[in-house]
$ cat final04.tsv   # TSV, C-alpha atoms
chain	number	residue	atom	x	y	z
A	4	MET	CA	16.44	166.45	10.48
A	5	ALA	CA	15.48	166.58	14.18
A	6	GLN	CA	18.15	167.46	16.74
A	7	LEU	CA	19.54	164.30	18.25
A	8	SER	CA	21.95	163.75	21.09
A	9	THR	CA	25.38	162.28	20.41
A	10	ARG	CA	24.29	159.05	22.07
A	11	GLU	CA	21.21	158.83	19.82
A	12	LYS	CA	23.30	159.52	16.71
A	13	LEU	CA	25.80	156.88	17.77
A	14	GLU	CA	23.04	154.32	18.29
A	15	ILE	CA	21.62	154.95	14.81
A	16	LEU	CA	24.88	155.24	12.86
A	17	ALA	CA	26.70	152.37	14.56
A	18	ASP	CA	23.72	150.11	13.81
A	19	ALA	CA	23.62	151.34	10.20
A	20	ALA	CA	27.30	150.45	9.75
A	21	LYS	CA	26.80	146.78	10.64
A	22	TYR	CA	25.95	145.90	7.03
A	23	ASP	CA	29.50	146.70	5.91
A	24	ALA	CA	31.68	143.63	6.42
A	25	SER	CA	34.96	145.07	5.15
A	26	CYS	CA	36.38	146.42	8.39
A	27	ALA	CA	39.14	143.94	9.21
A	28	SER	CA	42.44	145.55	10.02
A	29	SER	CA	44.98	143.07	8.71
A	30	GLY	CA	48.11	144.43	7.11
A	31	THR	CA	48.45	147.74	8.93
A	32	ALA	CA	51.87	149.02	9.82
A	33	LYS	CA	52.68	149.11	13.52
A	34	ARG	CA	52.87	152.61	14.96
A	35	HIS	CA	54.02	153.24	18.50
A	36	SER	CA	53.99	155.96	21.11
A	37	ARG	CA	57.26	155.14	22.82
A	38	ASP	CA	58.42	158.71	22.25
A	39	GLY	CA	55.69	159.89	24.60
A	40	LYS	CA	53.79	161.63	21.81
A	41	GLY	CA	50.65	160.70	19.93
A	42	LEU	CA	47.58	158.65	20.61
A	43	GLY	CA	46.32	155.24	19.63
A	44	SER	CA	49.07	152.67	19.31
A	45	THR	CA	47.65	149.79	17.29
A	46	GLU	CA	49.40	147.36	19.65
A	47	GLY	CA	47.29	148.26	22.67
A	48	MET	CA	44.49	146.09	23.99
A	49	GLY	CA	40.78	146.84	23.91
A	50	ILE	CA	37.49	145.41	22.77
A	51	CYS	CA	38.45	142.97	20.03
A	52	HIS	CA	36.64	143.31	16.73
A	53	ALA	CA	39.25	142.17	14.21
A	54	TYR	CA	42.54	140.32	14.07
A	55	ALA	CA	45.72	141.06	12.15
A	56	PRO	CA	47.60	138.12	10.56
A	57	ASP	CA	50.14	138.13	13.39
A	58	GLY	CA	47.36	137.65	15.94
A	59	ARG	CA	47.09	141.22	17.20
A	60	CYS	CA	43.61	142.29	18.23
A	61	ILE	CA	42.41	145.49	16.58
A	62	SER	CA	39.32	147.11	18.08
A	63	LEU	CA	37.48	149.58	15.89
A	64	LEU	CA	34.83	152.23	16.26
A	65	LYS	CA	32.69	151.35	13.25
A	66	ILE	CA	30.17	154.04	12.26
A	67	LEU	CA	28.68	155.95	9.37
A	68	LEU	CA	29.14	159.69	9.04
A	69	THR	CA	25.46	159.69	8.03
A	70	ASN	CA	22.85	157.19	6.94
A	71	SER	CA	21.15	159.77	4.71
A	72	CYS	CA	21.79	159.18	1.02
A	73	ILE	CA	20.86	160.74	-2.31
A	74	PHE	CA	21.13	157.33	-4.02
A	75	ASP	CA	18.33	154.78	-4.12
A	76	CYS	CA	20.09	151.40	-4.39
A	77	HIS	CA	17.44	148.68	-4.03
A	78	TYR	CA	19.40	146.51	-1.58
A	79	CYS	CA	20.47	149.29	0.81
A	80	ILE	CA	18.55	149.98	4.00
A	81	ASN	CA	19.83	153.57	3.89
A	82	ARG	CA	18.62	154.26	0.36
A	83	LYS	CA	16.83	157.54	-0.34
A	84	SER	CA	13.35	155.99	-0.34
A	85	SER	CA	13.87	153.88	2.79
A	86	ASN	CA	11.73	154.69	5.82
A	87	VAL	CA	14.46	154.67	8.48
A	88	ARG	CA	15.46	157.05	11.22
A	89	ARG	CA	18.19	159.34	9.91
A	90	ALA	CA	21.15	160.87	11.69
A	91	ARG	CA	24.32	162.71	10.80
A	92	PHE	CA	27.59	163.42	12.55
A	93	THR	CA	29.78	166.39	11.83
A	94	ALA	CA	33.43	165.64	11.12
A	95	GLN	CA	34.42	167.08	14.49
A	96	GLU	CA	31.89	164.91	16.31
A	97	VAL	CA	33.44	161.79	14.80
A	98	VAL	CA	36.90	163.02	15.76
A	99	GLN	CA	35.87	163.64	19.36
A	100	LEU	CA	34.05	160.29	19.59
A	101	THR	CA	37.12	158.46	18.31
A	102	LEU	CA	39.44	160.17	20.78
A	103	SER	CA	37.00	159.69	23.64
A	104	PHE	CA	36.56	155.98	22.91
A	105	TYR	CA	40.31	155.51	22.56
A	106	LYS	CA	41.09	157.23	25.87
A	107	ARG	CA	38.64	154.88	27.58
A	108	ASN	CA	40.49	151.94	26.01
A	109	TYR	CA	37.40	150.86	24.07
A	110	ILE	CA	39.03	151.07	20.62
A	111	GLU	CA	42.31	151.22	18.79
A	112	GLY	CA	41.04	152.60	15.52
A	113	LEU	CA	38.21	153.88	13.35
A	114	PHE	CA	36.24	152.43	10.45
A	115	LEU	CA	34.29	155.22	8.78
A	116	SER	CA	31.84	155.03	5.91
A	117	SER	CA	28.89	157.19	4.87
A	118	GLY	CA	25.80	157.61	2.78
A	119	ILE	CA	26.09	160.21	0.02
A	120	ILE	CA	24.98	163.67	1.17
A	121	LYS	CA	24.77	166.67	-1.19
A	122	SER	CA	27.33	165.15	-3.58
A	123	SER	CA	30.07	162.54	-3.75
A	124	ASP	CA	32.76	165.21	-3.49
A	125	TYR	CA	31.16	166.88	-0.47
A	126	THR	CA	30.82	163.57	1.36
A	127	MET	CA	34.37	162.53	0.54
A	128	GLU	CA	35.64	165.88	1.82
A	129	GLN	CA	33.96	165.21	5.17
A	130	LEU	CA	35.42	161.70	5.44
A	131	VAL	CA	38.90	162.99	4.64
A	132	GLU	CA	38.52	165.82	7.13
A	133	VAL	CA	37.89	163.32	9.93
A	134	ALA	CA	41.09	161.44	9.12
A	135	ARG	CA	43.09	164.64	8.60
A	136	ALA	CA	41.99	166.12	11.93
A	137	LEU	CA	42.81	162.91	13.78
A	138	ARG	CA	46.28	162.66	12.25
A	139	ASP	CA	47.32	166.32	11.99
A	140	ASP	CA	45.45	168.06	14.81
A	141	HIS	CA	45.53	165.27	17.40
A	142	ASP	CA	48.52	163.17	16.30
A	143	PHE	CA	46.34	160.06	16.38
A	144	ARG	CA	48.38	156.97	15.54
A	145	GLY	CA	45.68	154.37	15.68
A	146	TYR	CA	44.27	152.46	12.74
A	147	ILE	CA	42.00	154.29	10.29
A	148	HIS	CA	39.96	152.61	7.55
A	149	LEU	CA	38.05	154.92	5.22
A	150	LYS	CA	35.36	153.77	2.83
A	151	THR	CA	35.88	155.91	-0.26
A	152	ILE	CA	33.38	157.02	-2.88
A	153	PRO	CA	34.29	156.09	-6.47
A	154	ASP	CA	32.40	159.06	-7.96
A	155	ALA	CA	34.44	161.54	-5.91
A	156	ASP	CA	37.28	163.60	-7.32
A	157	PRO	CA	40.45	161.45	-7.62
A	158	GLY	CA	42.35	164.07	-5.64
A	159	LEU	CA	40.06	163.55	-2.66
A	160	ILE	CA	40.43	159.78	-2.86
A	161	ARG	CA	44.19	160.23	-2.94
A	162	GLN	CA	44.02	162.38	0.19
A	163	ALA	CA	42.15	159.55	1.90
A	164	GLY	CA	45.09	157.26	1.21
A	165	LEU	CA	47.51	159.73	2.78
A	166	TYR	CA	45.68	159.68	6.11
A	167	ALA	CA	44.14	156.18	6.27
A	168	ASP	CA	45.84	152.83	6.85
A	169	ARG	CA	43.37	151.10	4.58
A	170	VAL	CA	40.89	152.35	2.02
A	171	SER	CA	38.07	150.41	0.43
A	172	ILE	CA	35.81	150.91	-2.55
A	173	ASN	CA	32.86	148.53	-2.72
A	174	VAL	CA	32.05	146.84	-6.02
A	175	GLU	CA	28.66	146.18	-4.38
A	176	LEU	CA	27.50	143.27	-6.57
A	177	PRO	CA	29.37	140.46	-8.34
A	178	THR	CA	28.16	141.23	-11.87
A	179	VAL	CA	27.83	144.34	-13.98
A	180	ALA	CA	24.26	143.32	-14.85
A	181	GLY	CA	23.37	143.00	-11.18
A	182	LEU	CA	24.79	146.42	-10.39
A	183	ALA	CA	22.92	148.03	-13.29
A	184	ARG	CA	19.65	146.45	-12.15
A	185	LEU	CA	19.87	147.04	-8.40
A	186	ALA	CA	22.03	150.18	-8.21
A	187	PRO	CA	21.47	152.06	-11.48
A	188	GLU	CA	23.05	155.26	-10.10
A	189	LYS	CA	26.37	153.44	-9.65
A	190	SER	CA	28.76	152.58	-12.45
A	191	ALA	CA	31.00	149.53	-12.65
A	192	PRO	CA	33.58	151.35	-14.87
A	193	ARG	CA	33.77	154.24	-12.38
A	194	ILE	CA	34.21	151.87	-9.46
A	195	GLU	CA	36.97	149.95	-11.22
A	196	GLY	CA	38.56	153.21	-12.38
A	197	ALA	CA	38.78	154.41	-8.79
A	198	MET	CA	40.24	151.07	-7.68
A	199	ALA	CA	42.83	151.22	-10.47
A	200	GLY	CA	43.78	154.76	-9.43
A	201	MET	CA	44.19	153.63	-5.83
A	202	LYS	CA	46.36	150.69	-6.87
A	203	ALA	CA	48.59	152.99	-8.95
A	204	ALA	CA	48.98	155.41	-6.05
A	205	ILE	CA	49.87	152.59	-3.63
A	206	VAL	CA	52.50	151.18	-6.02
A	207	GLU	CA	53.89	154.64	-6.78
A	208	THR	CA	54.24	155.53	-3.11
A	209	LYS	CA	55.88	152.21	-2.21
A	210	ASP	CA	58.43	152.83	-4.95
A	211	ALA	CA	59.02	156.40	-3.74
A	212	ARG	CA	59.56	155.24	-0.15
A	213	LYS	CA	62.26	152.83	-1.31
A	214	ARG	CA	64.17	155.79	-2.75
A	215	PHE	CA	63.25	158.62	-0.38
A	216	LYS	CA	62.77	158.20	3.37
A	217	SER	CA	60.76	161.43	3.44
A	218	ALA	CA	58.13	160.12	0.97
A	219	PRO	CA	54.65	160.06	2.59
A	220	ARG	CA	52.94	156.84	3.58
A	221	PHE	CA	49.94	155.91	1.46
A	222	ALA	CA	47.32	153.34	2.54
A	223	PRO	CA	49.98	151.01	4.01
A	224	ALA	CA	47.34	148.32	4.64
A	225	GLY	CA	46.21	148.48	1.00
A	226	GLN	CA	42.68	148.47	-0.34
A	227	SER	CA	39.75	146.10	-0.02
A	228	THR	CA	36.24	145.72	-1.37
A	229	GLN	CA	32.94	144.02	-0.59
A	230	MET	CA	30.34	142.10	-2.58
A	231	ILE	CA	26.75	141.44	-1.57
A	232	VAL	CA	25.88	137.76	-1.96
A	233	GLY	CA	22.38	136.61	-2.81
A	234	ALA	CA	20.76	139.89	-3.87
A	235	ASP	CA	21.08	139.03	-7.56
A	236	ALA	CA	21.31	135.90	-9.68
A	237	ALA	CA	25.12	135.58	-9.53
A	238	THR	CA	26.29	132.03	-8.80
A	239	ASP	CA	29.20	131.11	-6.54
A	240	ARG	CA	31.20	130.34	-9.67
A	241	ASP	CA	30.52	133.91	-10.89
A	242	ILE	CA	31.55	135.34	-7.52
A	243	VAL	CA	34.80	133.33	-7.35
A	244	ALA	CA	35.73	134.47	-10.86
A	245	ARG	CA	34.93	138.09	-10.00
A	246	ALA	CA	36.97	137.97	-6.80
A	247	ALA	CA	39.95	136.45	-8.60
A	248	GLY	CA	39.76	139.19	-11.23
A	249	LEU	CA	39.69	141.89	-8.56
A	250	TYR	CA	42.70	140.43	-6.76
A	251	GLY	CA	44.64	140.18	-10.01
A	252	SER	CA	43.70	143.55	-11.47
A	253	PHE	CA	43.80	145.80	-8.43
A	254	GLY	CA	46.13	144.13	-5.94
A	255	LEU	CA	43.44	143.98	-3.25
A	256	ARG	CA	44.26	142.83	0.26
A	257	ARG	CA	40.80	141.38	0.83
A	258	VAL	CA	37.50	140.77	-0.88
A	259	TYR	CA	34.70	140.61	1.68
A	260	TYR	CA	31.38	138.84	1.19
A	261	SER	CA	28.17	139.97	2.84
A	262	ALA	CA	25.06	137.80	2.66
A	263	PHE	CA	22.08	139.83	1.51
A	264	SER	CA	19.66	140.55	4.32
A	265	PRO	CA	16.02	141.47	3.56
A	266	ILE	CA	15.26	145.03	4.59
A	267	PRO	CA	12.04	146.81	5.63
A	268	ASP	CA	9.88	148.10	2.77
A	269	ALA	CA	12.04	146.16	0.33
A	270	SER	CA	11.86	146.65	-3.40
A	271	SER	CA	9.95	144.00	-5.34
A	272	VAL	CA	13.06	143.21	-7.39
A	273	LEU	CA	14.85	141.79	-4.33
A	274	PRO	CA	14.68	138.20	-3.05
A	275	LEU	CA	12.19	137.59	-0.27
A	276	GLN	CA	14.68	135.60	1.82
A	277	ARG	CA	18.34	135.93	2.62
A	278	PRO	CA	20.72	133.25	1.33
A	279	PRO	CA	22.02	130.70	3.82
A	280	LEU	CA	24.80	132.16	5.96
A	281	MET	CA	26.76	129.01	5.16
A	282	ARG	CA	26.97	130.23	1.57
A	283	GLU	CA	28.86	133.30	2.74
A	284	HIS	CA	31.14	131.05	4.81
A	285	ARG	CA	31.87	128.78	1.82
A	286	LEU	CA	32.82	131.83	-0.27
A	287	TYR	CA	35.26	132.94	2.40
A	288	GLN	CA	36.73	129.44	2.34
A	289	SER	CA	37.08	129.58	-1.45
A	290	ASP	CA	38.76	132.97	-1.09
A	291	TRP	CA	41.17	131.42	1.42
A	292	LEU	CA	42.03	128.65	-1.04
A	293	MET	CA	43.06	131.17	-3.68
A	294	ARG	CA	44.99	133.41	-1.30
A	295	PHE	CA	46.84	130.87	0.86
A	296	TYR	CA	46.54	127.41	-0.73
A	297	ASP	CA	47.60	128.31	-4.29
A	298	TYR	CA	44.37	127.14	-5.90
A	299	ARG	CA	43.62	128.67	-9.27
A	300	PRO	CA	40.18	130.28	-9.65
A	301	ASP	CA	39.10	127.55	-12.08
A	302	GLU	CA	40.08	124.90	-9.52
A	303	VAL	CA	37.93	126.54	-6.85
A	304	ALA	CA	35.08	126.89	-9.32
A	305	ASP	CA	35.45	123.21	-10.12
A	306	ALA	CA	34.26	122.45	-6.58
A	307	ALA	CA	30.88	123.97	-7.45
A	308	ASP	CA	27.93	121.98	-8.76
A	309	PRO	CA	28.26	121.91	-12.58
A	310	GLY	CA	24.53	122.48	-13.02
A	311	THR	CA	23.86	125.30	-10.55
A	312	GLY	CA	27.30	126.84	-10.21
A	313	MET	CA	26.90	126.79	-6.42
A	314	LEU	CA	29.42	125.53	-3.88
A	315	PRO	CA	28.11	122.70	-1.68
A	316	LEU	CA	26.83	123.82	1.70
A	317	ASP	CA	27.41	120.55	3.54
A	318	ILE	CA	31.16	120.30	2.89
A	319	ASP	CA	33.92	122.86	2.37
A	320	PRO	CA	35.19	123.60	-1.18
A	321	LYS	CA	38.57	121.98	-0.52
A	322	LEU	CA	36.95	118.67	0.38
A	323	ALA	CA	34.53	119.01	-2.53
A	324	TRP	CA	37.46	119.48	-4.91
A	325	ALA	CA	39.31	116.48	-3.46
A	326	LEU	CA	36.26	114.22	-3.81
A	327	LYS	CA	36.03	115.21	-7.48
A	328	HIS	CA	39.72	114.47	-8.06
A	329	ARG	CA	40.25	111.21	-6.24
A	330	ALA	CA	42.79	110.06	-8.83
A	331	LEU	CA	45.28	112.49	-7.25
A	332	PHE	CA	45.06	110.67	-3.92
A	333	PRO	CA	46.30	109.19	-1.68
A	334	LEU	CA	49.42	111.35	-1.29
A	335	ASP	CA	52.49	110.17	0.60
A	336	VAL	CA	53.10	112.71	3.38
A	337	ASN	CA	56.77	111.69	3.40
A	338	ARG	CA	57.30	112.44	-0.30
A	339	ALA	CA	54.64	114.75	-1.76
A	340	ASP	CA	55.65	118.35	-2.39
A	341	ARG	CA	54.11	121.31	-0.61
A	342	ALA	CA	51.69	122.25	-3.42
A	343	LEU	CA	50.15	118.77	-3.39
A	344	LEU	CA	50.01	118.49	0.40
A	345	LEU	CA	48.00	121.72	0.47
A	346	ARG	CA	45.34	119.85	-1.54
A	347	VAL	CA	44.79	117.30	1.24
A	348	PRO	CA	41.50	117.88	3.12
A	349	GLY	CA	42.20	118.48	6.77
A	350	LEU	CA	45.74	119.83	6.31
A	351	GLY	CA	46.14	123.57	6.80
A	352	VAL	CA	49.12	125.71	5.85
A	353	LYS	CA	50.73	125.42	9.30
A	354	ALA	CA	50.27	121.66	9.31
A	355	VAL	CA	51.86	121.29	5.88
A	356	ASN	CA	54.81	123.45	6.91
A	357	ALA	CA	55.24	121.31	10.04
A	358	ILE	CA	55.17	118.11	7.97
A	359	LEU	CA	57.84	119.44	5.61
A	360	ALA	CA	60.06	120.39	8.55
A	361	ALA	CA	59.57	117.14	10.48
A	362	ARG	CA	60.11	114.73	7.59
A	363	ARG	CA	63.63	116.05	7.06
A	364	TRP	CA	64.61	114.08	10.16
A	365	ARG	CA	62.33	111.03	10.18
A	366	ARG	CA	59.53	109.32	8.34
A	367	LEU	CA	56.12	110.35	9.62
A	368	ARG	CA	53.52	107.97	10.95
A	369	LEU	CA	49.73	108.55	10.96
A	370	ALA	CA	49.84	109.55	14.63
A	371	ASP	CA	52.42	112.25	13.82
A	372	VAL	CA	50.12	113.77	11.21
A	373	ALA	CA	47.08	113.40	13.46
A	374	ARG	CA	48.68	115.69	16.04
A	375	LEU	CA	48.70	118.48	13.46
A	376	THR	CA	45.03	118.42	12.50
A	377	VAL	CA	41.57	118.51	14.04
A	378	SER	CA	40.18	115.38	12.39
A	379	VAL	CA	42.34	112.46	11.41
A	380	ALA	CA	39.22	110.70	10.06
A	381	LYS	CA	39.02	113.37	7.38
A	382	LEU	CA	42.67	112.79	6.46
A	383	ARG	CA	42.94	109.03	6.27
A	384	PRO	CA	41.40	108.43	2.84
A	385	PHE	CA	43.71	110.99	1.25
A	386	ILE	CA	47.19	110.21	2.63
A	387	VAL	CA	49.83	107.53	2.92
A	388	ALA	CA	52.10	107.51	5.99
A	389	GLU	CA	54.88	105.20	7.23
A	390	ASP	CA	52.34	102.94	8.96
A	391	TRP	CA	49.20	103.78	7.03
A	392	HIS	CA	47.73	103.15	3.58
A	393	PRO	CA	44.01	103.71	2.93
A	394	GLY	CA	43.75	100.79	0.55
A	395	GLY	CA	40.41	101.02	-1.26
A	396	LEU	CA	39.01	103.58	1.18
A	397	THR	CA	39.79	106.49	-1.16
A	398	ASP	CA	37.68	104.96	-3.93
A	399	ARG	CA	34.62	104.05	-1.87
A	400	ALA	CA	31.40	105.42	-3.32
A	401	GLU	CA	30.15	106.36	0.16
A	402	LEU	CA	33.34	108.23	1.11
A	403	LYS	CA	31.67	111.62	1.44
A	404	PRO	CA	29.56	110.84	4.52
A	405	LEU	CA	32.62	109.34	6.18
A	406	VAL	CA	34.71	112.51	5.90
A	407	ALA	CA	32.08	115.25	5.96
A	408	PRO	CA	31.87	117.22	9.22
A	409	LYS	CA	28.86	116.91	11.46
A	410	PRO	CA	26.13	119.49	10.67
A	411	ALA	CA	26.83	121.53	13.80
A	412	GLN	CA	30.49	122.03	12.94
A	413	LEU	CA	31.70	125.25	11.34
A	414	GLU	CA	35.32	124.93	10.29
A	415	LEU	CA	37.84	126.42	7.93
A	416	PHE	CA	39.60	123.37	6.48
A	417	GLY	CA	40.64	121.52	9.66
$ encode --input "final04.tsv" --output "structure tokens"
Amino acid sequence: MAQLSTREKLEILADAAKYDASCASSGTAKRHSRDGKGLGSTEGMGICHAYAPDGRCISLLKILLTNSCIFDCHYCINRKSSNVRRARFTAQEVVQLTLSFYKRNYIEGLFLSSGIIKSSDYTMEQLVEVARALRDDHDFRGYIHLKTIPDADPGLIRQAGLYADRVSINVELPTVAGLARLAPEKSAPRIEGAMAGMKAAIVETKDARKRFKSAPRFAPAGQSTQMIVGADAATDRDIVARAAGLYGSFGLRRVYYSAFSPIPDASSVLPLQRPPLMREHRLYQSDWLMRFYDYRPDEVADAADPGTGMLPLDIDPKLAWALKHRALFPLDVNRADRALLLRVPGLGVKAVNAILAARRWRRLRLADVARLTVSVAKLRPFIVAEDWHPGGLTDRAELKPLVAPKPAQLELFG
């Protein structure tokens, strides 16, 4: 490998890391430096790349240790047979870059992944060494997210959890068949085994910390994973079911979805075009429904087309579900319980909570509800208020075009 400057390595390895979507920093514990010691309070301000649930901005240096790899996964631009410019950082170079970027107020944390070099164990040792040096040698208190390698020794993966706020192990593809076809050197049982081991360690450490204040922290922001969408034949219904299984089995904080992007010198087994980016967005919306709106996986899947198994691209899955279950509507906003109100298109979690609080003191009118949402037109066919009843509007055959957002709009469920 030719000698490259640090700037050249950074250009190559930061660009190579862009394909990994799972770098959000939600759920991390707040560290501080009020005692005058340590670096990298996660409450500082910098270049915003991710947001925690409480609204804090978390800026991350997102790089690969190396984009060289001994594996030859068909969908990966860094695969062994890919004709790309290669680079590699040493562990100390990553440490110094992180500290340097932090001191310039560019970042508040590090997201570090890597191709596999020499062996899974060797690569995992290097990733852990970066986190160890930052924590132990430099007292770095910023956010660290390490992408772990499921084939590595379980002891090394456990060490990663002792130094990192969040760890992630990518399942890569939604189905076992897809993984076997496009990444034959990877094993679904090994990936799930590593995720199960991480879950057990997180639970064990949480229990220990309840009993012993001196017990070490272990991945306080939990674990996450990522699936590539559109590289294989998996339908949205397959992906929703897989995500629900991962949440239930391994206690994941997040499942991330990354739309497949065609790569140079692509394998003939890959699609020629990437899927619509809106498909990725709809999957994130379906994920949101399961995590925050109490939808069961089968309810989310019910929003998909029964023939193709795909979620509609022109409307969000919550609206699609409501249009399929019109018998449930309209709901009286002054009487319906929280679980049912969360099914109303156009009402988010905050809006529902506000409705429940306000109706304790007075009966709500349509204007009161309208102030809590982006589009009252989307709401009207599905609710009853003190001064509003949709009449036959809910049952109109042409209801969909009346409530669907304009093509240019990109919304969550507002």
$ closest_residue --input "final04.tsv" --among "A:Asp18, A:Asp239, A:Asp308, A:Asp142" --to "Asp290 in chain A" --atoms "all atoms listed in the file"
A:Asp239
$ residues_around --input "final04.tsv" --residues "Ala199 in chain A" --least-positions-apart "3" --cutoff "12 Å" --atoms "all atoms listed in the file" --output "list in words"
Pro153, Pro157, Ile160, Arg161, Ser171, Ile172, Pro192, Arg193, Ile194, Glu195, Gly196, Lys202, Ala203, Ala204, Ile205, Val206, Gln226, Leu249, Tyr250, Gly251, Ser252, Phe253, Gly254 and Leu255 of chain A
$ atom_distance --input "final04.tsv" --atom1 "CA of Gln129 in chain A" --atom2 "CA of Ile66 in chain A"
13.8 Å
$ closest_residue --input "final04.tsv" --among "A:Tyr259, A:Tyr296, A:Trp391, A:Tyr166" --to "Pro219 in chain A" --atoms "all atoms listed in the file"
A:Tyr166
$ residues_around --input "final04.tsv" --residues "Thr178 in chain A" --least-positions-apart "5" --cutoff "8 Å" --atoms "all atoms listed in the file" --output "list in words"
Ala237, Asp241 and Arg245 of chain A
$ write_last_selection --input "final04.tsv" --atoms "C-alpha atoms" --output "PDB file, in the frame of the given file"
ATOM      1  CA  ALA A 237      25.120 135.580  -9.530  1.00  0.00           C
ATOM      2  CA  ASP A 241      30.520 133.910 -10.890  1.00  0.00           C
ATOM      3  CA  ARG A 245      34.930 138.090 -10.000  1.00  0.00           C
TER       4      ARG A 245
END
$ closest_residue --input "final04.tsv" --among "A:Tyr105, A:Phe221, A:Tyr125, A:Phe385" --to "Gly145 in chain A" --atoms "all atoms listed in the file"
A:Tyr105
$ residues_around --input "final04.tsv" --residues "Gly395 in chain A" --least-positions-apart "3" --cutoff "12 Å" --atoms "only C-alpha atoms" --output "number ranges by chain"
A: 329, 332-333, 383-385, 392, 398-402
$ residues_around --input "final04.tsv" --residues "Asn70 in chain A" --least-positions-apart "6" --cutoff "10 Å" --atoms "only C-alpha atoms" --output "PDB file with C-alpha atoms, in the coordinates of the input"
ATOM      1  CA  ILE A  15      21.620 154.950  14.810  1.00  0.00           C
ATOM      2  CA  LEU A  16      24.880 155.240  12.860  1.00  0.00           C
ATOM      3  CA  ALA A  17      26.700 152.370  14.560  1.00  0.00           C
ATOM      4  CA  ASP A  18      23.720 150.110  13.810  1.00  0.00           C
ATOM      5  CA  ALA A  19      23.620 151.340  10.200  1.00  0.00           C
ATOM      6  CA  ALA A  20      27.300 150.450   9.750  1.00  0.00           C
ATOM      7  CA  ILE A  80      18.550 149.980   4.000  1.00  0.00           C
ATOM      8  CA  ASN A  81      19.830 153.570   3.890  1.00  0.00           C
ATOM      9  CA  ARG A  82      18.620 154.260   0.360  1.00  0.00           C
ATOM     10  CA  LYS A  83      16.830 157.540  -0.340  1.00  0.00           C
ATOM     11  CA  VAL A  87      14.460 154.670   8.480  1.00  0.00           C
ATOM     12  CA  ARG A  88      15.460 157.050  11.220  1.00  0.00           C
ATOM     13  CA  ARG A  89      18.190 159.340   9.910  1.00  0.00           C
ATOM     14  CA  ALA A  90      21.150 160.870  11.690  1.00  0.00           C
ATOM     15  CA  ARG A  91      24.320 162.710  10.800  1.00  0.00           C
ATOM     16  CA  PHE A  92      27.590 163.420  12.550  1.00  0.00           C
ATOM     17  CA  SER A 116      31.840 155.030   5.910  1.00  0.00           C
ATOM     18  CA  SER A 117      28.890 157.190   4.870  1.00  0.00           C
ATOM     19  CA  GLY A 118      25.800 157.610   2.780  1.00  0.00           C
ATOM     20  CA  ILE A 119      26.090 160.210   0.020  1.00  0.00           C
ATOM     21  CA  ILE A 120      24.980 163.670   1.170  1.00  0.00           C
TER      22      ILE A 120
END
$ atom_distance --input "final04.tsv" --atom1 "CA of Ala330 in chain A" --atom2 "CA of Thr397 in chain A"
9.0 Å
$ atom_distance --input "final04.tsv" --atom1 "CA of Asp317 in chain A" --atom2 "CA of Glu283 in chain A"
12.9 Å
$ residues_around --input "final04.tsv" --residues "Arg365 in chain A" --least-positions-apart "2" --cutoff "12 Å" --atoms "all atoms listed in the file" --output "PyMOL selection string"
chain A and resi 336-338+358-363+367-368+371+388-389
$ closest_residue --input "final04.tsv" --among "A:Ile242, A:Ile386, A:Leu326, A:Ala370" --to "Ala304 in chain A" --atoms "only C-alpha atoms"
A:Ile242
$ closest_residue --input "final04.tsv" --among "A:Ile152, A:Leu68, A:Ala373, A:Leu343" --to "Ala94 in chain A" --atoms "only C-alpha atoms"
A:Leu68
$ closest_residue --input "final04.tsv" --among "A:Lys381, A:Val243, A:Ser289, A:Glu96" --to "Lys403 in chain A" --atoms "all atoms listed in the file"
A:Lys381
$ axis_aligned_box --input "final04.tsv" --around "range 263-273 of chain A" --padding-each-side "8 Å" --output "JSON"
{"center_x": 16.0, "center_y": 144.0, "center_z": -0.9, "size_x": 28.2, "size_y": 24.3, "size_z": 29.0}
